[in-house]
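Data file: my_file-v2.txt. Format and content: compact mmCIF, C-alpha atoms and all ligand atoms.
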# COMPACT_ATOMS: atom_id res chain seq x y z
CA MET A 24 -13.50 -16.26 -17.37
CA ILE A 25 -10.38 -14.79 -18.93
CA TYR A 26 -9.68 -11.22 -17.86
CA ASP A 27 -8.29 -8.75 -20.36
CA PHE A 28 -5.75 -6.61 -18.53
CA ASP A 29 -4.62 -5.14 -21.86
CA LYS A 30 -7.92 -3.30 -22.22
CA LEU A 31 -7.51 0.48 -22.20
CA ILE A 32 -10.23 2.09 -20.11
CA GLU A 33 -10.89 5.81 -20.45
CA ARG A 34 -10.66 7.06 -16.90
CA ARG A 35 -10.40 10.80 -17.49
CA GLY A 36 -13.46 12.62 -16.19
CA THR A 37 -14.48 9.76 -13.89
CA HIS A 38 -13.74 11.34 -10.47
CA SER A 39 -10.38 9.60 -10.57
CA THR A 40 -7.66 11.16 -8.42
CA LYS A 41 -5.04 9.28 -10.41
CA TRP A 42 -6.23 10.61 -13.79
CA ASP A 43 -8.11 13.80 -13.01
CA ALA A 44 -5.89 15.36 -10.33
CA MET A 45 -2.51 14.95 -12.04
CA ALA A 46 -2.09 18.63 -12.88
CA GLU A 47 -3.25 19.87 -9.49
CA ARG A 48 -1.41 17.31 -7.34
CA VAL A 49 1.73 16.42 -9.30
CA GLY A 50 2.01 19.38 -11.66
CA VAL A 51 1.90 17.27 -14.83
CA THR A 52 -0.35 19.10 -17.25
CA ALA A 53 0.14 17.48 -20.67
CA GLU A 54 -3.03 16.16 -22.24
CA ASP A 55 -1.39 12.86 -23.04
CA ALA A 56 0.22 12.46 -19.60
CA ILE A 57 0.56 8.94 -18.20
CA PRO A 58 -0.38 8.70 -14.51
CA MET A 59 2.03 6.44 -12.64
CA TRP A 60 1.62 7.92 -9.18
CA VAL A 61 -1.36 6.92 -6.94
CA ALA A 62 -1.27 3.23 -5.92
CA GLU A 63 -4.23 1.86 -7.80
CA MET A 64 -4.61 -0.08 -11.03
CA ASP A 65 -6.16 0.77 -14.39
CA PHE A 66 -7.75 -2.70 -14.72
CA GLU A 67 -11.32 -3.89 -14.39
CA GLY A 68 -11.87 -5.84 -11.20
CA PRO A 69 -13.49 -9.25 -10.80
CA GLN A 70 -16.77 -9.88 -12.62
CA GLU A 71 -18.40 -10.90 -9.32
CA VAL A 72 -17.82 -7.41 -7.95
CA ARG A 73 -19.57 -5.95 -10.99
CA GLU A 74 -22.50 -8.32 -10.46
CA ALA A 75 -22.80 -7.60 -6.75
CA LEU A 76 -22.76 -3.83 -7.33
CA ALA A 77 -25.06 -4.11 -10.36
CA ALA A 78 -27.69 -5.83 -8.21
CA GLU A 79 -27.57 -2.91 -5.78
CA VAL A 80 -27.71 -0.34 -8.58
CA GLU A 81 -30.63 -2.15 -10.19
CA ARG A 82 -32.64 -1.90 -6.94
CA LEU A 83 -31.46 1.67 -6.38
CA THR A 84 -32.39 1.60 -2.73
CA PHE A 85 -29.21 2.56 -0.93
CA GLY A 86 -30.39 2.39 2.66
CA TYR A 87 -28.24 1.80 5.73
CA TYR A 88 -26.01 -1.22 5.52
CA THR A 89 -26.15 -4.27 7.69
CA GLY A 90 -24.21 -7.47 7.14
CA ASP A 91 -20.79 -6.90 8.54
CA ILE A 92 -20.95 -10.42 10.03
CA THR A 93 -20.75 -11.95 6.56
CA TRP A 94 -18.19 -9.31 5.55
CA ARG A 95 -15.95 -10.22 8.50
CA GLN A 96 -16.35 -13.88 7.63
CA ALA A 97 -15.34 -13.21 4.01
CA MET A 98 -12.22 -11.37 5.14
CA SER A 99 -11.34 -14.12 7.64
CA ASP A 100 -11.82 -16.80 4.98
CA TRP A 101 -9.60 -14.86 2.58
CA LEU A 102 -6.83 -14.54 5.17
CA ASP A 103 -7.06 -18.28 5.83
CA ARG A 104 -7.17 -19.29 2.15
CA HIS A 105 -4.40 -17.00 0.96
CA HIS A 106 -2.16 -16.59 3.98
CA GLY A 107 -2.98 -19.55 6.22
CA TRP A 108 -4.01 -17.11 8.96
CA GLN A 109 -6.91 -18.46 10.98
CA ILE A 110 -8.65 -15.75 12.91
CA ASP A 111 -11.90 -15.31 14.77
CA PRO A 112 -14.04 -13.05 12.53
CA ASP A 113 -14.87 -11.04 15.63
CA TRP A 114 -11.24 -9.85 15.75
CA VAL A 115 -11.96 -7.75 12.65
CA THR A 116 -13.29 -4.20 12.76
CA PRO A 117 -14.19 -2.69 9.39
CA THR A 118 -12.73 0.79 8.93
CA PRO A 119 -13.28 3.34 6.17
CA GLY A 120 -10.00 2.38 4.53
CA VAL A 121 -6.73 1.10 5.94
CA CYS A 122 -5.59 4.67 6.58
CA SER A 123 -8.53 5.21 8.93
CA GLY A 124 -7.42 2.09 10.79
CA LEU A 125 -3.92 3.54 11.11
CA ALA A 126 -5.27 6.88 12.35
CA LEU A 127 -7.60 5.18 14.84
CA ALA A 128 -4.71 3.10 16.17
CA ILE A 129 -2.69 6.28 16.70
CA GLN A 130 -5.59 7.87 18.56
CA ALA A 131 -6.44 4.80 20.62
CA PHE A 132 -2.95 3.73 21.70
CA SER A 133 -0.81 6.87 21.93
CA ASP A 134 -1.04 10.40 23.25
CA GLU A 135 -0.24 13.78 21.77
CA GLY A 136 3.50 14.33 21.65
CA ASP A 137 4.34 10.60 21.68
CA THR A 138 6.79 9.24 19.17
CA ILE A 139 5.88 6.70 16.50
CA VAL A 140 8.68 4.88 14.72
CA VAL A 141 8.53 4.37 10.95
CA PHE A 142 11.04 2.62 8.71
CA SER A 143 11.82 5.05 5.92
CA PRO A 144 11.52 5.47 3.04
CA VAL A 145 7.91 4.52 3.65
CA TYR A 146 4.32 5.06 2.53
CA HIS A 147 3.96 8.83 2.88
CA ALA A 148 0.54 8.75 4.57
CA PHE A 149 2.17 7.27 7.69
CA TYR A 150 3.69 10.71 8.17
CA THR A 151 0.43 12.46 7.30
CA TYR A 152 -1.58 10.73 10.02
CA ILE A 153 1.15 10.86 12.64
CA ASP A 154 1.57 14.61 12.08
CA ALA A 155 -2.17 15.31 11.86
CA ASN A 156 -2.64 13.63 15.25
CA ASP A 157 0.14 15.73 16.82
CA ARG A 158 2.45 12.80 17.35
CA GLN A 159 6.12 12.79 16.34
CA ALA A 160 7.31 10.53 13.56
CA PHE A 161 10.75 9.05 14.16
CA SER A 162 12.21 7.93 10.84
CA HIS A 163 14.59 5.04 11.09
CA GLN A 164 16.23 5.07 7.68
CA MET A 165 16.69 1.59 6.29
CA SER A 166 19.72 0.41 4.40
CA GLU A 167 19.64 -1.55 1.17
CA GLU A 168 21.23 -4.98 1.07
CA ASN A 169 21.15 -7.23 -1.98
CA GLY A 170 18.28 -5.26 -3.44
CA ARG A 171 16.11 -5.49 -0.31
CA TYR A 172 15.50 -3.04 2.49
CA ARG A 173 16.87 -3.87 5.91
CA MET A 174 15.82 -2.60 9.34
CA ASP A 175 18.85 -2.17 11.58
CA LEU A 176 17.34 -2.79 15.00
CA ASP A 177 20.67 -2.48 16.82
CA ARG A 178 21.01 1.05 15.51
CA LEU A 179 17.37 1.75 16.35
CA GLU A 180 17.99 0.50 19.89
CA GLU A 181 20.62 3.21 20.33
CA THR A 182 18.54 6.04 18.91
CA LEU A 183 15.01 5.16 20.06
CA PRO A 184 13.41 8.21 21.71
CA ASP A 185 12.24 7.69 25.32
CA ASN A 186 8.67 8.63 24.48
CA ALA A 187 8.30 6.09 21.66
CA LYS A 188 4.92 4.36 22.00
CA MET A 189 4.33 2.69 18.72
CA VAL A 190 5.89 1.27 15.57
CA PHE A 191 4.37 1.39 12.10
CA PHE A 192 5.46 -1.60 10.05
CA CYS A 193 4.69 -1.84 6.33
CA SER A 194 4.65 -5.50 5.25
CA PRO A 195 5.29 -5.99 2.36
CA HIS A 196 7.11 -2.71 2.24
CA ASN A 197 5.98 0.27 0.17
CA PRO A 198 8.07 1.60 -1.50
CA GLY A 199 10.77 -0.86 -2.54
CA GLY A 200 8.57 -3.97 -2.43
CA THR A 201 10.56 -5.85 0.20
CA VAL A 202 8.76 -8.95 1.47
CA TRP A 203 9.91 -9.41 5.05
CA HIS A 204 11.39 -12.73 6.09
CA PRO A 205 10.09 -14.48 9.23
CA GLU A 206 13.31 -13.80 11.15
CA GLU A 207 13.13 -10.09 10.30
CA ILE A 208 9.54 -9.91 11.52
CA ARG A 209 10.40 -11.85 14.67
CA ALA A 210 13.29 -9.52 15.43
CA LEU A 211 11.03 -6.49 15.07
CA CYS A 212 8.36 -8.05 17.28
CA GLY A 213 10.98 -8.90 19.92
CA PHE A 214 12.14 -5.28 19.77
CA CYS A 215 8.58 -4.03 20.36
CA GLU A 216 8.14 -6.39 23.30
CA ARG A 217 11.43 -5.32 24.89
CA HIS A 218 10.59 -1.64 24.53
CA ASP A 219 6.88 -1.92 25.39
CA LEU A 220 5.76 -0.65 21.99
CA ILE A 221 2.46 -1.20 20.20
CA LEU A 222 3.04 -2.63 16.71
CA VAL A 223 0.80 -1.55 13.86
CA ALA A 224 1.34 -3.85 10.88
CA ASP A 225 0.01 -2.45 7.61
CA GLU A 226 -0.34 -5.55 5.45
CA ILE A 227 -2.48 -4.03 2.70
CA HIS A 228 -0.05 -5.22 -0.02
CA HIS A 229 -0.08 -8.83 1.26
CA ASP A 230 -1.66 -10.36 -1.86
CA LEU A 231 0.52 -8.58 -4.42
CA VAL A 232 3.57 -10.79 -3.99
CA TYR A 233 5.59 -12.21 -6.90
CA PRO A 234 6.62 -15.86 -7.35
CA GLY A 235 9.65 -16.82 -5.33
CA ASN A 236 8.51 -14.76 -2.36
CA GLN A 237 5.97 -15.37 0.36
CA HIS A 238 4.17 -12.90 2.56
CA HIS A 239 4.45 -13.80 6.23
CA VAL A 240 1.69 -12.66 8.54
CA THR A 241 3.18 -10.83 11.52
CA GLN A 242 1.00 -12.53 14.10
CA MET A 243 1.64 -15.99 12.68
CA VAL A 244 5.42 -15.83 12.69
CA ALA A 245 5.61 -14.06 16.05
CA PRO A 246 2.59 -15.08 18.14
CA GLY A 247 4.20 -13.47 21.20
CA ILE A 248 3.32 -10.06 19.73
CA THR A 249 -0.43 -10.75 19.76
CA ASP A 250 -1.27 -8.62 22.80
CA ARG A 251 0.35 -5.52 21.33
CA LEU A 252 -0.51 -5.95 17.65
CA ILE A 253 -2.96 -4.22 15.31
CA THR A 254 -2.96 -5.53 11.73
CA CYS A 255 -4.56 -3.41 9.04
CA ALA A 256 -5.42 -5.04 5.73
CA GLY A 257 -8.27 -5.32 3.27
CA ALA A 258 -9.42 -6.02 -0.25
CA THR A 259 -9.01 -2.62 -1.82
CA LYS A 260 -5.36 -2.75 -2.92
CA THR A 261 -5.64 -6.31 -4.18
CA PHE A 262 -8.82 -5.76 -6.18
CA ASN A 263 -8.48 -2.16 -7.28
CA LEU A 264 -11.26 -0.93 -5.02
CA ALA A 265 -9.55 1.99 -3.28
CA GLY A 266 -12.56 4.24 -3.89
CA ALA A 267 -14.74 1.77 -1.98
CA HIS A 268 -12.93 2.99 1.14
CA VAL A 269 -13.11 -0.14 3.24
CA GLY A 270 -10.38 -1.77 5.28
CA GLY A 271 -10.25 -4.14 8.20
CA ALA A 272 -8.31 -3.87 11.47
CA VAL A 273 -7.55 -7.29 12.93
CA ILE A 274 -6.97 -7.19 16.69
CA ALA A 275 -6.87 -10.44 18.65
CA ASN A 276 -6.43 -8.91 22.08
CA GLU A 277 -9.83 -8.05 23.49
CA LYS A 278 -8.73 -5.07 25.55
CA LEU A 279 -6.98 -3.45 22.58
CA ARG A 280 -9.94 -4.24 20.34
CA ARG A 281 -12.40 -2.64 22.72
CA LYS A 282 -10.28 0.49 22.91
CA PHE A 283 -9.94 0.62 19.13
CA ARG A 284 -13.71 0.23 18.63
CA LYS A 285 -14.46 2.88 21.22
CA MET A 286 -12.27 5.28 19.27
CA ALA A 287 -14.07 4.33 16.05
CA LYS A 288 -17.45 4.80 17.72
CA ARG A 289 -16.42 8.15 19.15
CA SER A 290 -15.72 9.31 15.61
CA GLY A 291 -18.98 7.88 14.24
CA LEU A 292 -17.17 5.26 12.21
CA LEU A 293 -18.99 2.08 13.18
CA SER A 294 -21.54 2.45 10.41
CA TYR A 295 -20.51 1.34 6.96
CA SER A 296 -20.90 2.25 3.30
CA LEU A 297 -23.17 -0.24 1.56
CA PRO A 298 -21.49 -0.15 -1.89
CA GLY A 299 -18.04 -0.39 -0.31
CA MET A 300 -18.93 -3.33 1.91
CA VAL A 301 -20.78 -5.17 -0.85
CA ALA A 302 -17.93 -4.70 -3.32
CA THR A 303 -15.15 -5.77 -0.96
CA GLU A 304 -17.09 -8.77 0.35
CA ALA A 305 -17.76 -9.97 -3.21
CA ALA A 306 -14.09 -9.51 -4.08
CA GLN A 307 -12.82 -11.55 -1.14
CA ARG A 308 -15.46 -14.23 -1.63
CA HIS A 309 -15.02 -14.69 -5.35
CA GLY A 310 -11.86 -12.90 -6.50
CA ASP A 311 -9.34 -15.78 -6.30
CA GLU A 312 -9.35 -16.52 -10.02
CA TRP A 313 -9.06 -12.84 -10.97
CA LEU A 314 -6.06 -12.46 -8.67
CA SER A 315 -4.44 -15.57 -10.09
CA GLN A 316 -4.63 -13.98 -13.56
CA LEU A 317 -3.57 -10.54 -12.37
CA LEU A 318 -0.30 -11.55 -10.71
CA PRO A 319 1.45 -12.99 -13.80
CA TYR A 320 0.35 -9.92 -15.76
CA LEU A 321 1.84 -7.59 -13.16
CA GLU A 322 4.98 -9.70 -13.01
CA LYS A 323 5.53 -9.21 -16.75
CA ASN A 324 4.93 -5.48 -16.39
CA ARG A 325 7.45 -5.42 -13.56
CA ASP A 326 10.10 -7.19 -15.61
CA LEU A 327 9.45 -5.00 -18.61
CA PHE A 328 9.57 -1.78 -16.60
CA GLU A 329 12.61 -2.66 -14.49
CA ALA A 330 14.66 -3.75 -17.49
CA GLY A 331 13.28 -0.93 -19.65
CA ILE A 332 14.12 1.84 -17.26
CA GLN A 333 17.68 0.68 -16.79
CA LYS A 334 18.15 0.67 -20.53
CA ALA A 335 16.30 3.93 -21.13
CA ILE A 336 18.04 5.98 -18.44
CA PRO A 337 21.80 5.49 -18.10
CA GLY A 338 22.66 5.20 -14.42
CA ALA A 339 19.06 4.69 -13.19
CA ARG A 340 18.33 1.55 -11.19
CA ALA A 341 14.99 0.04 -10.22
CA MET A 342 14.94 -1.94 -6.97
CA HIS A 343 13.81 -5.43 -7.94
CA LEU A 344 10.30 -5.72 -6.51
CA GLU A 345 9.37 -8.79 -4.47
CA ALA A 346 5.88 -7.34 -4.07
CA THR A 347 3.66 -4.41 -5.08
CA TYR A 348 3.33 -2.76 -8.47
CA LEU A 349 5.24 0.33 -7.42
CA SER A 350 8.65 0.45 -9.06
CA TRP A 351 11.17 2.30 -6.91
CA VAL A 352 13.81 3.86 -9.08
CA ASP A 353 17.06 5.39 -7.88
CA PHE A 354 18.35 8.24 -10.06
CA SER A 355 21.51 8.89 -8.05
CA GLY A 356 23.66 7.12 -10.65
CA THR A 357 22.50 9.42 -13.44
CA GLY A 358 24.56 12.32 -12.12
CA LEU A 359 21.51 14.58 -12.57
CA LYS A 360 20.11 16.92 -9.94
CA ARG A 361 16.66 16.18 -8.59
CA GLU A 362 14.97 19.10 -10.35
CA ASP A 363 16.52 17.96 -13.61
CA PHE A 364 15.42 14.32 -13.48
CA MET A 365 11.98 15.26 -12.14
CA SER A 366 11.42 17.74 -14.94
CA ARG A 367 12.51 15.18 -17.51
CA VAL A 368 10.05 12.64 -16.08
CA GLY A 369 7.12 15.04 -15.63
CA GLY A 370 7.82 17.50 -18.44
CA ARG A 371 9.62 15.77 -21.30
CA ALA A 372 8.24 12.26 -20.72
CA ARG A 373 4.82 13.52 -19.52
CA ILE A 374 4.70 10.95 -16.75
CA ALA A 375 3.14 11.71 -13.39
CA ALA A 376 5.21 9.74 -10.87
CA SER A 377 5.65 10.03 -7.10
CA PRO A 378 8.69 12.04 -5.99
CA GLY A 379 10.91 10.09 -3.58
CA PRO A 380 11.25 12.71 -0.83
CA VAL A 381 7.58 12.36 0.20
CA PHE A 382 8.49 8.88 1.48
CA GLY A 383 10.90 10.36 4.01
CA PRO A 384 14.64 10.02 4.60
CA GLY A 385 16.24 7.70 2.07
CA GLY A 386 13.83 8.68 -0.71
CA GLU A 387 15.69 11.78 -1.89
CA THR A 388 17.15 10.38 -5.10
CA PHE A 389 14.22 8.10 -5.94
CA VAL A 390 11.02 8.28 -7.97
CA ARG A 391 8.16 5.78 -7.63
CA PHE A 392 6.40 4.57 -10.79
CA ASN A 393 3.14 2.61 -10.71
CA PHE A 394 3.10 0.08 -13.57
CA ALA A 395 -0.34 -1.46 -12.84
CA THR A 396 -1.70 -0.34 -16.16
CA PRO A 397 -2.15 -2.06 -19.55
CA ARG A 398 1.18 -3.20 -20.96
CA SER A 399 1.00 -0.92 -24.01
CA ARG A 400 1.02 2.04 -21.65
CA VAL A 401 4.02 0.68 -19.74
CA GLU A 402 5.84 0.30 -23.05
CA GLU A 403 4.90 3.84 -24.01
CA ALA A 404 6.19 5.11 -20.66
CA VAL A 405 9.53 3.35 -21.10
CA ALA A 406 9.86 4.72 -24.65
CA ARG A 407 9.09 8.26 -23.49
CA LEU A 408 11.66 7.98 -20.70
CA GLY A 409 14.21 6.83 -23.25
CA GLU A 410 13.60 9.99 -25.29
CA ALA A 411 13.55 12.24 -22.24
CA PHE A 412 16.98 11.03 -21.10
CA ALA A 413 18.52 10.32 -24.51
CA ASP A 414 21.10 13.10 -24.22
CA ILE A 415 22.75 11.89 -21.01
CA GLY A 416 24.22 8.60 -22.27
C1 LIG B 1 1.05 0.76 2.78
C2 LIG B 1 -0.28 1.37 2.44
N1 LIG B 1 -1.21 1.47 3.40
C3 LIG B 1 -2.42 2.00 3.14
C4 LIG B 1 -2.75 2.46 1.88
C5 LIG B 1 -4.08 3.08 1.61
O1 LIG B 1 -5.10 2.33 2.12
P1 LIG B 1 -6.61 2.83 2.06
O2 LIG B 1 -6.85 3.36 0.68
O3 LIG B 1 -7.40 1.62 2.37
O4 LIG B 1 -6.75 3.89 3.11
C6 LIG B 1 -1.79 2.37 0.86
C7 LIG B 1 -2.10 2.89 -0.48
O5 LIG B 1 -1.25 3.06 -1.29
C8 LIG B 1 -0.53 1.80 1.15
O6 LIG B 1 0.41 1.69 0.21

Since I need it in another form, could you write the structure as structure tokens?
Ligand SMILES: Cc1ncc(COP(=O)(O)O)c(C=O)c1O
Amino acid sequence: MIYDFDKLIERRGTHSTKWDAMAERVGVTAEDAIPMWVAEMDFEGPQEVREALAAEVERLTFGYYTGDITWRQAMSDWLDRHHGWQIDPDWVTPTPGVCSGLALAIQAFSDEGDTIVVFSPVYHAFYTYIDANDRQAFSHQMSEENGRYRMDLDRLEETLPDNAKMVFFCSPHNPGGTVWHPEEIRALCGFCERHDLILVADEIHHDLVYPGNQHHVTQMVAPGITDRLITCAGATKTFNLAGAHVGGAVIANEKLRRKFRKMAKRSGLLSYSLPGMVATEAAQRHGDEWLSQLLPYLEKNRDLFEAGIQKAIPGARAMHLEATYLSWVDFSGTGLKREDFMSRVGGRARIAASPGPVFGPGGETFVRFNFATPRSRVEEAVARLGEAFADIG
């Protein structure tokens, strides 16, 4: 079947954070505001997900779920088919979202007061869960080289706090869309081994990679890391199922896995949501064709938005994304102060975007724009930005 990603779906009034919480969470109140903040798409997912959920709705008997054996198998098969990663399905523990997996890893493998290293600017929730668990986040600010982020491990070696226990690695990276090269991943893994650190690899964006780039699975390129590695991934980012709240933590080492599961059990998290599990299993079993149509659509949106923004806003520069649909735009070249460019984006252009500082050091002059929405809306956003910045040329 041919999917129509141009279709405009009315999402206001549908319990959508992205659409219904714009005023409250980002302060953008205009009725015709365009939400380009939360990392989810405005597209319909695969038909097979609709069918699988429709069958459940038709029966309307939402009892307790069983079936995580087939769910684990579906995730393992997906990882093999799309990333060449062959795992034992038993390595996978379903979690209520990737973020729960990150939080459980913090709780299972570090203690209060310990330091967790993050490579900033980075997905803001890393900070949320580190702080909420009374651990210290240590931001290692990355540099930009040839339009990609770079982790400077020599510098990190000199500054690493003594009580560092763990590293959070976002691969591909959000924001900025850097797809890490095998030698970069190997260097990081070697660093973790030398400093006795647990590595948590958040690979949720692994499928959203543009032609010319390839996602490399941490464990595959650096098998030596296996006994200190937790990989969190899932179907929700790929298939626009964030509200399903299901992720999977892949842990090959049995001792680590047992500890992780004990922590999940302690929190009552080893029982799963039926709609979420059914939807994500259907997506990973049958969603290949949908994804193959989605990626070229997103790629065109990326090209349109990146070129558009540079034309619309003199001095602004979008980092060229290798992955993700989250354009990362640097406003430092505009000569405008933060409050000024943010009020032009949110007020004049009526666009709800994510302010850079929430992503930590290095994000100060940036704004993140989500372009996973029908193309007509991306065009409208670019046109509005042009008007909002027309006087600075
Ligand atoms: C790097 C990263 N990890 C995790 C998440 C959220 O995962 P989940 O909704 O499964 O908790 C996101 C969402 O944007 C993300 O960008």

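Atom CA of A:Ile221 to atom CA of A:Val140 spans 10.3 Å [interatomic distance, one decimal].
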
Point to revise | Within 8 Å of A:Ile57 using all atoms listed in the file, minus same-chain residues under 3 positions, as an NGL selection string | key: :A and (373-375 or 400 or 404)

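Close contacts of A:Ala75, defined as residues with an atom at most 12 Å away when counting only C-alpha atoms, with chain neighbours fewer than 3 positions off set aside, comprise A:Gly68, A:Pro69, A:Gln70, A:Glu71, A:Val72, A:Ala78, A:Glu79, A:Val80, A:Glu81, A:Arg82, A:Leu297, A:Pro298, A:Gly299, A:Met300, A:Val301, A:Ala302, A:Thr303, A:Glu304, A:Ala305, A:Ala306, A:Arg308, A:His309.
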
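Minimum distance to A:Arg284 across A:Leu321, A:Ala272, A:Ala256, A:Ala62 (counting all atoms listed in the file) occurs at A:Ala272.
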
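All residues of protein, DNA or RNA that reach within 12 Å of A:Asp27, judged by only C-alpha atoms and not counting those fewer than 5 positions away in the chain, are A:Ile32, A:Asp65, A:Phe66, A:Glu67, A:Gly68, A:Pro69, A:Gln70, A:Trp313, A:Gln316, A:Leu317, A:Tyr320, A:Thr396, A:Pro397, A:Arg398.
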
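Minimum atom-to-atom distances from A:Val121, A:Val401, A:Leu127, A:Ile110 to A:Thr249 were compared using all atoms listed in the file, and the lowest value belongs to A:Ile110.
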
Review point. Leaving out A:Ala258 and any residue of its chain fewer than 5 positions from it, which residues lie within 10 Å of it when counting all atoms listed in the file, given as a ChimeraX atom specification?
Key: /A:98,101,120-121,227-230,263-265,267-271,302-307,310

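Pairwise distance (atom CA of A:Cys122, atom O1 of ligand LIG 1 (chain B)) equals 5.1 Å.
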
Check your understanding: Of the candidates A:Tyr233, A:Tyr146, A:Phe283, A:Phe328, which one gets nearest to ligand LIG 1 (chain B) if we count only C-alpha atoms and all ligand atoms?
Key -> A:Tyr146

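The shortest atom-to-atom distance to ligand LIG 1 (chain B), with only C-alpha atoms and all ligand atoms taken into account, belongs to A:Thr201 out of A:Gln159, A:Thr201, A:Ser399, A:Gln237.
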
Can you write out as a Markdown table which residues of stretch 362-404 of chain A fall within 12 Å of stretch 334-346 of chain A, alongside each residue's closest atom pair and its distance in Å to one decimal, counting only C-alpha atoms and ordering rows by chain and ascending residue number?
| residue | atom | partner | partner_atom | distance |
| --- | --- | --- | --- | --- |
| A:Phe364 | CA | A:Ile336 | CA | 10.1 |
| A:Arg367 | CA | A:Ile336 | CA | 10.8 |
| A:Val368 | CA | A:Ile336 | CA | 10.7 |
| A:Ala372 | CA | A:Ala335 | CA | 11.6 |
| A:Thr388 | CA | A:Ala339 | CA | 10.1 |
| A:Phe389 | CA | A:Ala341 | CA | 9.2 |
| A:Val390 | CA | A:Ala341 | CA | 9.4 |
| A:Arg391 | CA | A:Ala341 | CA | 9.3 |
| A:Phe392 | CA | A:Ala341 | CA | 9.7 |
| A:Asn393 | CA | A:Leu344 | CA | 11.8 |
| A:Phe394 | CA | A:Leu344 | CA | 11.6 |
| A:Glu402 | CA | A:Ala335 | CA | 11.2 |
| A:Glu403 | CA | A:Ala335 | CA | 11.8 |
| A:Ala404 | CA | A:Ala335 | CA | 10.2 |

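Summary of the local environment: counting only C-alpha atoms, residues at most 7 Å from A:Thr254, other than itself and those fewer than 4 positions away along its chain, are Val223, Ala224, Asp225, Glu226, Ala272, Val273 and Ile274 of chain A.
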
Since the input has fewer atoms than a full residue there, write stretch 128-139 of chain A out with N, CA and C atoms, as an mmCIF file, in the coordinates of the input.
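Final output, selection_30.cif:
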data_model
loop_
_atom_site.group_PDB
_atom_site.id
_atom_site.type_symbol
_atom_site.label_atom_id
_atom_site.label_comp_id
_atom_site.auth_asym_id
_atom_site.auth_seq_id
_atom_site.Cartn_x
_atom_site.Cartn_y
_atom_site.Cartn_z
ATOM 1 N N ALA A 128 -5.695 3.747 15.284
ATOM 2 C CA ALA A 128 -4.710 3.100 16.170
ATOM 3 C C ALA A 128 -3.854 4.168 16.856
ATOM 4 N N ILE A 129 -3.474 5.189 16.101
ATOM 5 C CA ILE A 129 -2.690 6.280 16.700
ATOM 6 C C ILE A 129 -3.490 6.908 17.844
ATOM 7 N N GLN A 130 -4.769 7.186 17.554
ATOM 8 C CA GLN A 130 -5.590 7.870 18.560
ATOM 9 C C GLN A 130 -5.880 6.997 19.765
ATOM 10 N N ALA A 131 -6.061 5.699 19.523
ATOM 11 C CA ALA A 131 -6.440 4.800 20.620
ATOM 12 C C ALA A 131 -5.252 4.438 21.512
ATOM 13 N N PHE A 132 -4.055 4.336 20.931
ATOM 14 C CA PHE A 132 -2.950 3.730 21.700
ATOM 15 C C PHE A 132 -1.748 4.654 21.909
ATOM 16 N N SER A 133 -1.910 5.944 21.616
ATOM 17 C CA SER A 133 -0.810 6.870 21.930
ATOM 18 C C SER A 133 -1.424 8.210 22.309
ATOM 19 N N ASP A 134 -0.582 9.074 22.828
ATOM 20 C CA ASP A 134 -1.040 10.400 23.250
ATOM 21 C C ASP A 134 -0.321 11.471 22.450
ATOM 22 N N GLU A 135 -0.881 12.660 22.472
ATOM 23 C CA GLU A 135 -0.240 13.780 21.770
ATOM 24 C C GLU A 135 1.202 13.917 22.245
ATOM 25 N N GLY A 136 2.088 14.144 21.303
ATOM 26 C CA GLY A 136 3.500 14.330 21.650
ATOM 27 C C GLY A 136 4.294 13.038 21.641
ATOM 28 N N ASP A 137 3.617 11.886 21.697
ATOM 29 C CA ASP A 137 4.340 10.600 21.680
ATOM 30 C C ASP A 137 5.044 10.403 20.343
ATOM 31 N N THR A 138 6.041 9.538 20.399
ATOM 32 C CA THR A 138 6.790 9.240 19.170
ATOM 33 C C THR A 138 6.322 7.918 18.564
ATOM 34 N N ILE A 139 6.223 7.917 17.249
ATOM 35 C CA ILE A 139 5.880 6.700 16.500
ATOM 36 C C ILE A 139 7.007 6.432 15.504
#
